[in-house]
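S.K.: There's a structure below that I have some questions on.
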Amino acid sequence: MPTRPRVGLAVLLSLVLVLVCDACSAGKTQPFPSPWADRPVVSLGFDVAPDLHSASGRERVVFTPDLATCELVFRAWPNKPKTSQAGSSLVVDRVTVDGADAVAQDAAAGAPGNAPAGTLLQIPLAGCARPGQHITVVLDFTLKLGEDVDERVGTSSSDQIAWFGTAFPLLAWERGQGWQRDPAVPVNGEMAVSEDFQLASLEVTAPSKYQVMGTGTAAGTRQGADAGTTVHQFTASAVRDVTVTVGQLDVVDRTIDGVHVHVAAAQGTGTDLGAWTTEVGVSQKALVRLLGPFPYRDLWVTVVPSQSSGIEFPGAVQFGAVDPDARRPLVAHELAHMWFYGLVGNDQGRDPWLDESFATYAQLVTAGGDTPAYADIPAEERRDVGKPMTYWTQFRRPSTTYYDTVYNVGAAALIQARKRAGADAFDAALREYLRRNAYSVATPQAVTAAFADLPAALAVLRQVGALPSVGR
């Protein structure tokens, strides 16, 4: 999720009293299925500038569509309004398709007028591709990092640290649907959709004095082509996004229940990495009891100086240096995204509630936090949870209204649905939803299918507009 108000600082109506996870019904869950066999294969490289203000990148994607297509579509999310206005940008400099130069058509798709490029990159193919045909595309790009920003892409003016997530051309294909082109909007929230891809290699070249936090599993280092640089390598079987942190970092590495946890912060900031690591371990254990196995072998956590909250990525999180009292619910929320968005994806522009409402729900069950109780929400406000990101731009305070509805009302509705259906039955259905939809882009219809035997739960979700009313 993007930088957002701290849990409990939005317009809240009352404190919801929920069960802690020790009282959750864990049950037994079948193993998650294997990722899509024909998922894209991505090789990604960043060459980070010594001043940590920019990076040059190259991405190679082998894409095998399941539908016929006559073009390729990538998204450049650093050019969305909030990130671009903070001084960050992503510009694609050259594209080749199957070894031949290709023309890339850049479209604003919600990028501000002063942005150097748009959020939508369309690449016509020389000939239409049939389902199952392999297409190899290579994109060279330049990434600029805004200074001291409360965002997922940035660099610090006071500490030697840079961080950048969703900072590469992201293939915008959804299986069975095709290309997704929804515009970026000026709301503090994610708008991306991406199928899982195999991260064949992530290579980050940086000055040797810097440490690097990545995505996936560390695969070693080697000397860079330029003197005084080191190449840091990572791989992952299935992720739908990538984040990187580079700088002079203090790092704690610990294995927690088989997961390799790496926690870092800029040197000299006084960040208590031990306390952060403890909170990560507590939340990880509680969420596993509630939701099932942790989806990743490695978890990369960075405490970023200028962020105010938390931003999730598959197997990684960027946190702000929040007050210790706010840390537990925040950590639980962001780690819940490892299941809701990481393992089970969603179109975050079309169906943002599928990750944010569920992540807030899991946070409330395992770690508590302030949000309105369902009974205290006026009937006229029990609606709109399932609206897309474009819907919230009509309000005077779009980001706050979005947060209060999708996070708070959505989570309160899920707590109420669990109460009405019974915790054991609801928890079992939720774990089955995760299993059925692992490594895919889920839809509200998938929620309806998973909870089909719990009509009381579905009725609550329909009341808040998360699911279509019966007969529609």
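Residues are referred to by chain and number: the chain letter is A, B, ... according to the order shown in the structure tokens, the number counts from 1 in that chain, and ligands are numbered separately from 1 in the order shown.
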If we count only C-alpha atoms, what is near Asp47 (chain A) at a cut-off of 6 Å, once residues fewer than 6 positions away on the same chain are taken out, given as a list in words?
M.R.: Ala55, Ser56 and Thr205 of chain A
S.K.: Now that the selection is made, can you save its residues with C-alpha atoms as a compact mmCIF listing (two decimals), in the first residue's frame?
M.R.:
# COMPACT_ATOMS: atom_id res chain seq x y z
CA ALA A 55 19.61 4.64 -11.71
CA SER A 56 19.81 3.30 -15.23
CA THR A 205 25.08 -2.55 -9.33
S.K.: Which residues, written as a CSV table (one decimal) with N, CA and C atoms, in the first residue's frame, have at least one atom at most 8 Å from Trp353 (chain A), with only C-alpha atoms counted and residues fewer than 4 positions away on the same chain left out?
M.R.:
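Writing done, so here's selection_29.csv:
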chain,number,residue,atom,x,y,z
A,348,GLN,N,-5.4,-3.6,-8.4
A,348,GLN,CA,-5.5,-2.6,-7.4
A,348,GLN,C,-6.2,-1.3,-7.8
A,357,SER,N,-8.8,-4.1,2.3
A,357,SER,CA,-9.8,-4.5,3.4
A,357,SER,C,-9.4,-5.8,4.1
A,358,PHE,N,-8.9,-6.7,3.3
A,358,PHE,CA,-8.5,-8.0,3.9
A,358,PHE,C,-7.3,-7.8,4.7
A,385,VAL,N,-17.5,0.1,-0.7
A,385,VAL,CA,-16.2,-0.5,-0.4
A,385,VAL,C,-15.6,-1.1,-1.7
A,386,GLY,N,-16.4,-1.6,-2.6
A,386,GLY,CA,-15.9,-2.2,-3.8
A,386,GLY,C,-15.6,-1.3,-5.0
A,406,VAL,N,-12.5,2.0,2.3
A,406,VAL,CA,-11.9,0.7,1.9
A,406,VAL,C,-11.2,0.0,3.0
A,407,TYR,N,-10.4,0.8,3.8
A,407,TYR,CA,-9.7,0.2,4.9
A,407,TYR,C,-10.7,-0.1,6.1
A,410,GLY,N,-14.4,-1.6,5.1
A,410,GLY,CA,-14.2,-2.9,4.6
A,410,GLY,C,-13.8,-3.9,5.6
A,466,ALA,N,-19.1,-4.3,-1.4
A,466,ALA,CA,-17.9,-5.1,-1.8
A,466,ALA,C,-18.3,-6.1,-2.8
S.K.: Identify which of the residues A:Thr271, A:Gly110, A:Ala206, A:Pro35 lies closest to Pro295 (chain A), counting only C-alpha atoms when measuring atom-to-atom distances.
M.R.: A:Pro35
S.K.: Using DSSP assignments from the backbone, pull out every residue in region 312-356 of chain A that falls under strand (DSSP E) and give it to me as a ChimeraX atom specification.
M.R.: /A:312-313,316-320,344-346
S.K.: Since we have the selection now, will you write its residues out, keeping N, CA and C atoms, as an mmCIF file, in the first residue's frame?
M.R.:
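Produced file selection.cif, reproduced below:
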data_model
loop_
_atom_site.group_PDB
_atom_site.id
_atom_site.type_symbol
_atom_site.label_atom_id
_atom_site.label_comp_id
_atom_site.auth_asym_id
_atom_site.auth_seq_id
_atom_site.Cartn_x
_atom_site.Cartn_y
_atom_site.Cartn_z
ATOM 1 N N GLU A 312 3.893 -2.107 0.923
ATOM 2 C CA GLU A 312 4.167 -3.530 0.776
ATOM 3 C C GLU A 312 4.577 -3.899 -0.642
ATOM 4 N N PHE A 313 5.377 -4.954 -0.715
ATOM 5 C CA PHE A 313 5.779 -5.580 -1.964
ATOM 6 C C PHE A 313 5.820 -7.083 -1.717
ATOM 7 N N ALA A 316 8.576 -8.207 0.714
ATOM 8 C CA ALA A 316 9.348 -7.033 1.153
ATOM 9 C C ALA A 316 8.403 -5.936 1.614
ATOM 10 N N VAL A 317 8.907 -5.082 2.522
ATOM 11 C CA VAL A 317 8.134 -3.955 3.028
ATOM 12 C C VAL A 317 9.059 -2.766 3.233
ATOM 13 N N GLN A 318 8.589 -1.567 2.883
ATOM 14 C CA GLN A 318 9.227 -0.319 3.293
ATOM 15 C C GLN A 318 8.387 0.264 4.425
ATOM 16 N N PHE A 319 9.011 0.531 5.585
ATOM 17 C CA PHE A 319 8.317 1.131 6.719
ATOM 18 C C PHE A 319 8.867 2.516 6.997
ATOM 19 N N GLY A 320 8.024 3.369 7.551
ATOM 20 C CA GLY A 320 8.497 4.604 8.138
ATOM 21 C C GLY A 320 8.913 4.356 9.579
ATOM 22 N N VAL A 344 -2.062 -13.802 -3.373
ATOM 23 C CA VAL A 344 -3.279 -13.642 -4.167
ATOM 24 C C VAL A 344 -3.326 -12.192 -4.645
ATOM 25 N N GLY A 345 -3.110 -12.004 -5.913
ATOM 26 C CA GLY A 345 -3.079 -10.648 -6.460
ATOM 27 C C GLY A 345 -4.476 -10.122 -6.733
ATOM 28 N N ASN A 346 -4.537 -8.868 -7.073
ATOM 29 C CA ASN A 346 -5.785 -8.236 -7.497
ATOM 30 C C ASN A 346 -5.442 -7.030 -8.353
#
S.K.: Please list as a PyMOL selection string every residue within 8 Å of Val242 (chain A), counting only C-alpha atoms and excluding residues in the same chain fewer than 2 positions away.
M.R.: chain A and resi 165-167+214-215+239-240+244+313-314
